[in-house]
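Data block for model-v3.tsv (TSV, C-alpha atoms):
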chain	number	residue	atom	x	y	z
O	1	MET	CA	58.87	31.19	73.69
O	2	ALA	CA	62.64	31.51	73.37
O	3	ALA	CA	64.05	33.58	70.53
O	4	ARG	CA	65.29	31.42	67.67
O	5	GLU	CA	68.92	31.62	66.63
O	6	SER	CA	70.00	32.62	63.16
O	7	ARG	CA	70.88	29.90	60.67
O	8	ILE	CA	73.51	32.24	59.17
O	9	TRP	CA	77.05	31.61	60.38
O	10	THR	CA	80.56	32.96	59.87
O	11	ASP	CA	84.17	32.05	60.60
O	12	ILE	CA	84.86	35.61	61.73
O	13	ASP	CA	85.46	35.93	65.48
O	14	PHE	CA	84.01	39.30	66.51
O	15	GLU	CA	86.00	39.25	69.78
O	16	ARG	CA	89.41	38.71	68.20
O	17	ASP	CA	91.77	41.63	67.64
O	18	GLY	CA	93.00	42.30	64.13
O	19	LYS	CA	91.50	42.67	60.67
O	20	GLN	CA	89.37	39.74	59.53
O	21	THR	CA	87.74	39.36	56.13
O	22	GLY	CA	85.25	36.70	55.14
O	23	PHE	CA	81.60	35.97	54.64
O	24	LEU	CA	78.31	35.47	56.36
O	25	ARG	CA	77.12	32.10	55.08
O	26	LEU	CA	73.39	31.96	54.45
O	27	PRO	CA	72.22	28.38	53.79
O	28	HIS	CA	70.65	28.23	50.33
O	29	SER	CA	69.52	24.92	48.89
O	30	VAL	CA	68.50	25.15	45.23
O	31	HIS	CA	68.42	22.91	42.17
O	32	ARG	CA	72.03	23.58	41.12
O	33	SER	CA	73.44	23.39	44.68
O	34	ALA	CA	71.76	21.18	47.27
O	35	TYR	CA	73.96	22.18	50.21
O	36	GLY	CA	75.09	25.64	49.14
O	37	TRP	CA	75.31	29.00	50.90
O	38	LEU	CA	75.14	32.64	49.83
O	39	PRO	CA	78.43	34.49	50.54
O	40	ILE	CA	77.63	37.86	52.16
O	41	PRO	CA	80.96	39.80	52.44
O	42	LEU	CA	81.89	40.84	55.97
O	43	VAL	CA	84.89	42.61	57.53
O	44	CYS	CA	85.71	43.07	61.21
O	45	LEU	CA	88.45	45.38	62.50
O	46	LYS	CA	89.13	45.23	66.22
O	47	ASN	CA	91.77	46.78	68.43
O	48	GLY	CA	91.02	46.37	72.11
O	49	SER	CA	87.99	47.81	73.84
O	50	GLY	CA	86.28	50.98	72.72
O	51	PRO	CA	83.54	52.21	70.39
O	52	ARG	CA	81.51	49.62	68.48
O	53	LEU	CA	80.28	50.59	65.02
O	54	LEU	CA	78.37	48.75	62.29
O	55	LEU	CA	78.86	50.22	58.80
O	56	MET	CA	76.45	48.96	56.17
O	57	ALA	CA	75.67	49.49	52.48
O	58	GLY	CA	73.84	47.48	49.84
O	59	ASN	CA	70.68	47.39	51.97
O	60	HIS	CA	69.17	48.18	48.56
O	61	GLY	CA	71.26	46.58	45.86
O	62	ASP	CA	71.04	49.34	43.25
O	63	GLU	CA	72.47	51.96	45.61
O	64	TYR	CA	76.15	51.95	44.74
O	65	GLU	CA	77.78	54.95	46.41
O	66	GLY	CA	77.92	53.38	49.87
O	67	GLN	CA	79.12	50.04	48.52
O	68	VAL	CA	82.08	51.69	46.77
O	69	ALA	CA	82.87	53.94	49.76
O	70	LEU	CA	82.96	50.94	52.13
O	71	CYS	CA	85.12	48.92	49.71
O	72	LYS	CA	87.66	51.75	49.71
O	73	LEU	CA	87.49	52.11	53.50
O	74	ILE	CA	88.07	48.37	53.96
O	75	ARG	CA	91.18	48.42	51.79
O	76	GLY	CA	92.55	51.58	53.38
O	77	LEU	CA	91.94	50.86	57.08
O	78	GLU	CA	93.97	48.48	59.26
O	79	ALA	CA	93.26	47.30	62.79
O	80	ASP	CA	96.11	49.28	64.36
O	81	ALA	CA	94.41	52.49	63.16
O	82	VAL	CA	91.19	51.55	64.99
O	83	ARG	CA	90.02	51.78	68.58
O	84	GLY	CA	87.31	49.33	69.56
O	85	ARG	CA	85.51	47.40	66.83
O	86	ILE	CA	84.19	48.25	63.36
O	87	ILE	CA	82.02	45.69	61.55
O	88	ILE	CA	81.53	46.41	57.84
O	89	LEU	CA	78.78	44.89	55.71
O	90	PRO	CA	79.12	46.40	52.21
O	91	MET	CA	76.52	44.21	50.42
O	92	ALA	CA	73.92	43.72	53.14
O	93	ASN	CA	71.27	42.23	50.84
O	94	PHE	CA	73.85	40.29	48.84
O	95	PRO	CA	71.50	38.82	46.20
O	96	ALA	CA	70.07	42.28	45.45
O	97	ALA	CA	73.49	43.96	45.40
O	98	ALA	CA	75.02	41.30	43.17
O	99	ALA	CA	72.16	41.79	40.71
O	100	GLY	CA	72.19	45.61	40.94
O	101	ARG	CA	68.53	45.61	41.96
O	102	ARG	CA	66.69	47.34	44.78
O	103	THR	CA	65.15	44.06	45.85
O	104	SER	CA	66.39	40.48	45.89
O	105	PRO	CA	66.00	38.50	42.65
O	106	ILE	CA	65.60	35.37	44.79
O	107	ASP	CA	62.59	36.31	46.89
O	108	ALA	CA	61.75	39.91	45.77
O	109	GLY	CA	62.65	40.95	49.33
O	110	ASN	CA	63.27	44.58	50.22
O	111	LEU	CA	65.70	44.34	53.12
O	112	ASN	CA	64.78	47.79	54.40
O	113	ARG	CA	61.17	46.66	54.78
O	114	SER	CA	62.05	43.30	56.37
O	115	PHE	CA	63.25	43.99	59.93
O	116	PRO	CA	63.17	42.35	62.44
O	117	GLY	CA	63.24	39.45	59.99
O	118	ASP	CA	62.79	35.72	60.47
O	119	PRO	CA	65.55	33.10	61.01
O	120	ASP	CA	63.43	30.54	59.15
O	121	GLY	CA	62.11	32.85	56.46
O	122	SER	CA	63.21	33.81	52.97
O	123	PRO	CA	66.86	34.83	52.38
O	124	THR	CA	66.02	38.54	52.83
O	125	ALA	CA	64.16	37.85	56.09
O	126	MET	CA	67.08	35.74	57.33
O	127	ILE	CA	69.54	38.56	56.58
O	128	ALA	CA	67.36	41.10	58.39
O	129	HIS	CA	67.10	38.80	61.40
O	130	TYR	CA	70.88	38.29	61.55
O	131	ILE	CA	71.59	42.02	61.32
O	132	GLU	CA	69.10	42.91	64.05
O	133	SER	CA	69.65	39.94	66.38
O	134	VAL	CA	73.42	39.39	65.99
O	135	LEU	CA	75.27	42.36	64.48
O	136	MET	CA	73.30	45.18	66.11
O	137	PRO	CA	73.73	43.83	69.68
O	138	LEU	CA	77.49	43.85	68.98
O	139	SER	CA	77.32	47.55	68.09
O	140	ASP	CA	76.53	50.95	69.55
O	141	VAL	CA	76.30	52.92	66.30
O	142	LEU	CA	74.83	52.05	62.89
O	143	VAL	CA	75.80	53.90	59.71
O	144	ASP	CA	73.55	52.68	56.86
O	145	LEU	CA	74.55	54.23	53.54
O	146	HIS	CA	71.67	54.65	51.09
O	147	SER	CA	71.09	56.63	47.90
O	148	GLY	CA	68.24	57.05	45.46
O	149	GLY	CA	69.15	53.90	43.57
O	150	SER	CA	68.10	53.48	39.96
O	151	SER	CA	64.74	55.24	40.28
O	152	LEU	CA	65.59	58.39	42.26
O	153	MET	CA	68.28	61.06	42.60
O	154	TYR	CA	68.88	62.86	45.90
O	155	LEU	CA	70.79	65.90	46.96
O	156	PRO	CA	73.52	64.48	49.24
O	157	THR	CA	71.78	64.08	52.58
O	158	ALA	CA	72.38	62.48	55.98
O	159	MET	CA	69.44	61.57	58.20
O	160	MET	CA	68.81	60.86	61.86
O	161	TYR	CA	65.96	60.42	64.30
O	162	ARG	CA	64.94	63.74	65.82
O	163	GLY	CA	65.30	62.50	69.41
O	164	ASP	CA	63.02	61.89	72.37
O	165	ASP	CA	64.46	64.62	74.59
O	166	PRO	CA	66.50	67.82	74.20
O	167	ALA	CA	69.82	66.08	74.99
O	168	GLU	CA	69.29	63.37	72.36
O	169	ALA	CA	68.09	65.96	69.85
O	170	ALA	CA	71.19	68.11	70.38
O	171	ARG	CA	73.47	65.08	70.10
O	172	ASN	CA	71.85	63.94	66.85
O	173	ARG	CA	72.07	67.41	65.30
O	174	GLU	CA	75.76	67.46	66.21
O	175	ILE	CA	76.30	64.08	64.51
O	176	LEU	CA	74.63	65.34	61.32
O	177	GLU	CA	76.92	68.35	61.33
O	178	VAL	CA	79.93	66.07	61.87
O	179	PHE	CA	78.86	63.93	58.91
O	180	GLY	CA	79.04	67.09	56.83
O	181	ALA	CA	76.55	66.38	54.04
O	182	PRO	CA	75.09	69.56	52.51
O	183	HIS	CA	71.68	68.60	53.91
O	184	GLY	CA	70.80	66.92	57.19
O	185	LEU	CA	67.28	65.58	57.78
O	186	LEU	CA	65.76	64.98	61.19
O	187	PHE	CA	62.64	62.81	61.34
O	188	GLY	CA	60.23	61.61	64.01
O	189	ARG	CA	58.65	58.27	64.80
O	190	GLU	CA	56.65	58.26	61.59
O	191	SER	CA	59.32	56.10	59.92
O	192	GLU	CA	58.34	52.47	59.28
O	193	ASP	CA	59.23	49.98	61.99
O	194	ARG	CA	60.49	47.55	59.30
O	195	MET	CA	63.52	49.70	58.44
O	196	SER	CA	67.12	49.43	59.66
O	197	GLU	CA	66.83	52.69	61.59
O	198	SER	CA	63.86	51.36	63.58
O	199	ALA	CA	65.70	48.09	64.17
O	200	ALA	CA	68.68	50.07	65.47
O	201	ARG	CA	66.49	52.02	67.87
O	202	ARG	CA	64.93	48.78	69.13
O	203	GLN	CA	68.45	47.55	69.90
O	204	GLY	CA	69.52	50.81	71.54
O	205	LEU	CA	71.87	51.99	68.77
O	206	THR	CA	72.46	55.48	67.44
O	207	ALA	CA	71.62	55.31	63.72
O	208	VAL	CA	72.95	57.55	60.94
O	209	LEU	CA	71.45	57.05	57.49
O	210	THR	CA	72.10	58.70	54.15
O	211	GLU	CA	70.66	59.42	50.75
O	212	LEU	CA	73.80	60.09	48.73
O	213	GLY	CA	72.91	60.71	45.11
O	214	GLY	CA	71.51	57.83	43.09
O	215	SER	CA	70.23	57.45	39.51
O	216	GLY	CA	72.09	54.15	39.24
O	217	THR	CA	75.51	55.84	39.07
O	218	VAL	CA	78.48	56.77	41.23
O	219	THR	CA	79.67	60.38	40.93
O	220	PRO	CA	83.19	61.44	41.99
O	221	ALA	CA	81.94	64.35	44.12
O	222	ILE	CA	79.39	62.34	46.11
O	223	LEU	CA	81.76	59.41	46.56
O	224	ALA	CA	84.44	61.75	47.91
O	225	LEU	CA	81.86	63.28	50.27
O	226	ALA	CA	80.92	59.80	51.54
O	227	GLU	CA	84.56	58.83	52.12
O	228	ARG	CA	85.29	62.02	54.07
O	229	ALA	CA	82.07	61.67	56.07
O	230	LEU	CA	82.85	58.10	57.10
O	231	ARG	CA	86.23	59.18	58.46
O	232	ARG	CA	84.64	62.05	60.37
O	233	VAL	CA	81.97	59.82	61.91
O	234	LEU	CA	84.55	57.22	62.95
O	235	ALA	CA	86.68	59.96	64.51
O	236	HIS	CA	83.67	61.55	66.24
O	237	PHE	CA	82.81	58.31	68.02
O	238	GLY	CA	86.45	57.70	68.93
O	239	ALA	CA	86.94	54.72	66.61
O	240	LEU	CA	90.10	56.09	64.96
O	241	ALA	CA	93.35	55.94	66.90
O	242	ASP	CA	94.46	59.21	65.28
O	243	ARG	CA	91.38	61.42	65.29
O	244	ASP	CA	93.29	64.29	63.69
O	245	THR	CA	93.35	62.44	60.35
O	246	ALA	CA	89.62	63.08	59.81
O	247	PRO	CA	88.92	65.90	57.30
O	248	GLU	CA	86.99	69.02	58.25
O	249	ALA	CA	83.22	69.06	57.70
O	250	THR	CA	81.41	71.56	55.51
O	251	PRO	CA	78.26	73.35	56.81
O	252	THR	CA	75.06	71.30	56.91
O	253	ARG	CA	71.59	72.73	56.33
O	254	LEU	CA	69.34	71.08	58.94
O	255	MET	CA	65.93	70.16	57.52
O	256	GLU	CA	62.94	67.93	58.08
O	257	VAL	CA	60.42	65.83	56.17
O	258	ALA	CA	57.41	65.95	58.46
O	259	GLY	CA	54.50	64.39	56.64
O	260	ALA	CA	52.97	62.73	53.58
O	261	ASP	CA	52.39	66.10	51.92
O	262	TYR	CA	56.17	66.43	51.37
O	263	TYR	CA	55.89	63.75	48.66
O	264	CYS	CA	54.61	64.29	45.11
O	265	HIS	CA	53.33	61.20	43.28
O	266	SER	CA	52.43	60.45	39.70
O	267	PRO	CA	48.72	60.94	38.95
O	268	ASP	CA	48.75	58.50	36.00
O	269	ASP	CA	50.67	55.97	33.93
O	270	GLY	CA	52.74	57.56	31.17
O	271	LEU	CA	55.89	59.58	30.41
O	272	PHE	CA	57.01	62.00	33.09
O	273	GLU	CA	58.05	65.55	32.19
O	274	PRO	CA	59.54	67.32	35.26
O	275	PHE	CA	59.00	71.05	35.61
O	276	VAL	CA	61.57	71.59	38.41
O	277	GLU	CA	65.01	70.33	39.30
O	278	LEU	CA	66.85	69.18	42.41
O	279	GLY	CA	67.61	72.10	44.70
O	280	ASP	CA	64.69	74.24	43.48
O	281	SER	CA	62.41	75.92	46.01
O	282	VAL	CA	58.73	75.34	45.26
O	283	ALA	CA	55.35	76.48	46.60
O	284	ALA	CA	52.14	74.68	47.46
O	285	GLY	CA	49.93	74.36	44.39
O	286	GLN	CA	52.84	74.79	41.97
O	287	PRO	CA	52.84	72.33	39.04
O	288	ALA	CA	55.56	69.72	39.55
O	289	GLY	CA	55.41	67.99	36.19
O	290	ALA	CA	53.25	66.47	33.49
O	291	VAL	CA	52.53	62.86	32.63
O	292	HIS	CA	52.11	62.38	28.86
O	293	PHE	CA	50.36	59.56	27.01
O	294	PRO	CA	52.24	58.58	23.83
O	295	GLU	CA	49.75	55.77	23.18
O	296	THR	CA	47.03	58.43	22.80
O	297	PRO	CA	49.12	61.52	21.99
O	298	TRP	CA	46.04	63.71	21.39
O	299	ARG	CA	45.10	63.35	25.06
O	300	GLU	CA	45.99	66.24	27.37
O	301	PRO	CA	48.68	65.32	29.94
O	302	SER	CA	47.90	64.87	33.64
O	303	LEU	CA	49.53	67.40	35.94
O	304	ALA	CA	51.19	66.64	39.27
O	305	THR	CA	51.30	69.48	41.80
O	306	PHE	CA	53.15	70.12	45.04
O	307	GLU	CA	51.01	70.06	48.16
O	308	ARG	CA	53.29	72.30	50.21
O	309	ASP	CA	56.25	74.68	50.10
O	310	GLY	CA	59.73	73.22	50.30
O	311	LEU	CA	63.10	72.40	48.77
O	312	VAL	CA	63.24	69.69	46.09
O	313	ILE	CA	65.59	67.17	47.66
O	314	CYS	CA	64.68	64.09	45.59
O	315	LYS	CA	63.63	63.58	41.95
O	316	ARG	CA	62.46	60.58	39.94
O	317	ILE	CA	64.89	59.47	37.22
O	318	PRO	CA	63.11	57.07	34.78
O	319	GLY	CA	60.85	58.83	32.30
O	320	ARG	CA	58.29	56.05	32.27
O	321	THR	CA	56.10	56.23	35.37
O	322	ARG	CA	53.00	54.66	36.86
O	323	ARG	CA	50.26	56.12	39.02
O	324	GLY	CA	51.56	56.22	42.60
O	325	ASP	CA	55.28	56.42	41.75
O	326	CYS	CA	57.17	59.07	43.73
O	327	LEU	CA	58.14	61.93	41.39
O	328	PHE	CA	59.65	64.31	43.94
O	329	HIS	CA	59.92	64.81	47.62
O	330	LEU	CA	60.58	67.97	49.51
O	331	ALA	CA	62.27	69.04	52.71
O	332	SER	CA	61.84	72.20	54.76
O	333	ASP	CA	64.19	74.00	57.11
O	334	LEU	CA	64.01	72.68	60.66
O	335	ALA	CA	61.47	74.90	62.33
O	336	VAL	CA	62.12	74.19	66.00
O	337	PRO	CA	65.48	72.64	66.99
O	338	GLY	CA	64.97	69.38	68.85
What do you get writing this file as structure tokens?
Amino acid sequence: MAARESRIWTDIDFERDGKQTGFLRLPHSVHRSAYGWLPIPLVCLKNGSGPRLLLMAGNHGDEYEGQVALCKLIRGLEADAVRGRIIILPMANFPAAAAGRRTSPIDAGNLNRSFPGDPDGSPTAMIAHYIESVLMPLSDVLVDLHSGGSSLMYLPTAMMYRGDDPAEAARNREILEVFGAPHGLLFGRESEDRMSESAARRQGLTAVLTELGGSGTVTPAILALAERALRRVLAHFGALADRDTAPEATPTRLMEVAGADYYCHSPDDGLFEPFVELGDSVAAGQPAGAVHFPETPWREPSLATFERDGLVICKRIPGRTRRGDCLFHLASDLAVPG
């Protein structure tokens, strides 16, 4: 059966030189607008042949750092400063990003659990299908900027697939060091096949992902880090005409998250009291926090404990929690390069 084409369309010509701004138009027929479309912002900068990069943010709508960083890059970058083509999608799941929510208010869709998508599905599935079937084949490199959103806070971190062979592993470690986040995570094939990174690998792209802060805010330090990192990555892949304009990287601590025991989850519904902070080193069996029960305040709290040693790289933000919510997750230093 032949692959079905996307119903999303755009006036942007991806083969034309210059800087083009516009929208992906996702057909959306609802009560107030019978023949309407959702306007997903899109920018294409092209200057001859060369590297092909897809820069994306707003995969989760409540993750703001990448959206702001890409807005600033769009305004500050012109086609004559580029080699090859850069496609920029700053609000990938537009309904979610416009609402400031992790998932779409239209269909409850989580874009980063929707690949490869469906051209005839819900809006989120249609967006996933367009990204994987149209934008990714036009690209060689994906940079998907995430953060902890409104429920989590991360130490600034870049992430990449570990690699299938020593050459790929060495190349990916180099890219993490070029990105220049304080922490660089390498992961294996345990990641879900519904995510953008897995979609990129299916399409033969090199994928760089991030977790840059979170807690529903944008901090000056993390935003500045993201802006510098984007310039370095563009320069590294040869997409900037003047590579010398990219700022120097700071050292990156290479780490890994290698299993379910790196995550600490809430044992109960209640109010979460953390016992540790981001950047703390912890040991297996150490108490991570308590969950209190204000409805029955005489009841002893439930304790959450860490299952392994590691560095606290991610922390839950809202005090109210439910059983199964992620409270923390850890990372450990990369044991064996590659």
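Taking all atoms listed in the file into account, Ala331 of chain O lies nearest to O:Gly259 out of the set O:Gly36, O:Gly109, O:Gly259, O:Gly270.
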| message | Calculated over all atoms listed in the file, which of the candidates O:Trp9, O:Phe187, O:Tyr130, O:Phe179 has the smallest distance to Met160 of chain O? | response | O:Phe187
| message | Neighbouring residues of segment 94-108 of chain O were defined as those with any atom within 9 Å, considering only C-alpha atoms; residues of the same chain fewer than 2 positions away were excluded. Please report them as a list in words. | response |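 Using only C-alpha atoms, the neighbours found are Leu38, Pro39, Ile40, Pro41, Gly58, Asn59, His60, Gly61, Asp62, Glu63, Tyr64, Gln67, Pro90, Met91, Ala92, Asn110, Leu111, Ser122, Pro123, Thr124, Gly149, Ser150 and Gly216 of chain O.
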| So which residues touch Val134 of chain O within 12 Å, counting only C-alpha atoms, skipping near sequence neighbours fewer than 2 positions away, as a list of chain:residue names? | O:Ala3, O:Arg4, O:Glu5, O:Ser6, O:Arg7, O:Ile8, O:Trp9, O:Thr10, O:Phe14, O:Leu24, O:Leu54, O:Ile87, O:Pro116, O:Gly117, O:Pro119, O:Met126, O:Ile127, O:Ala128, O:His129, O:Tyr130, O:Ile131, O:Glu132, O:Met136, O:Pro137, O:Leu138, O:Ser139, O:Ala199, O:Ala200, O:Gln203
Return as lines of an AutoDock Vina configuration file the box centre and box size in Å, one decimal, for an axis-aligned box around all listed atoms of segment 112-115 of chain O padded by 6 Å per side.
center_x = 63.0
center_y = 45.5
center_z = 57.2
size_x = 15.6
size_y = 16.5
size_z = 17.5
| For Ile74 of chain O, which residue out of O:Gly184, O:Cys44, O:Glu197, O:Val312 is the nearest one, using all atoms listed in the file? | O:Cys44
| field | Contact residues around Glu273 of chain O with only C-alpha atoms at 10 Å, ignoring same-chain residues under 5 positions, as number ranges by chain | value | O: 288-292, 301, 303-304, 319-320, 327
| field | Among the residues O:Leu145, O:Val30, O:Ile86, O:Val282, the one that comes closest to Gly238 of chain O [using only C-alpha atoms] | value | O:Ile86
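For the set O:Leu212, O:Leu230, O:Leu42, O:Val143, the residue with the smallest atom-to-atom gap to Leu73 of chain O is O:Leu230, counting all atoms listed in the file.
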| Separation of atom CA of Gly204 of chain O from atom CA of Ala170 of chain O in Å |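 Interatomic distance, atom CA of Ala170 of chain O to atom CA of Gly204 of chain O: 17.4 Å.
The list of residues with at least one atom within 9 Å of Glu65 of chain O, based on all atoms listed in the file and without residues fewer than 2 positions apart in the same chain, reads Ala57, Glu63, Gln67, Val68, Ala69, Leu70, Leu145, His146, Ser147, Leu212, Gly213, Gly214, Thr217, Val218, Thr219, Ile222, Leu223 and Ala226 of chain O.
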| query | Can you list, as a PyMOL selection string, every protein, DNA or RNA residue that comes within 10 Å of Val257 of chain O when you count only C-alpha atoms, leaving out same-chain residues fewer than 2 positions away? | reply | chain O and resi 185-188+255+259-263+310+329-334
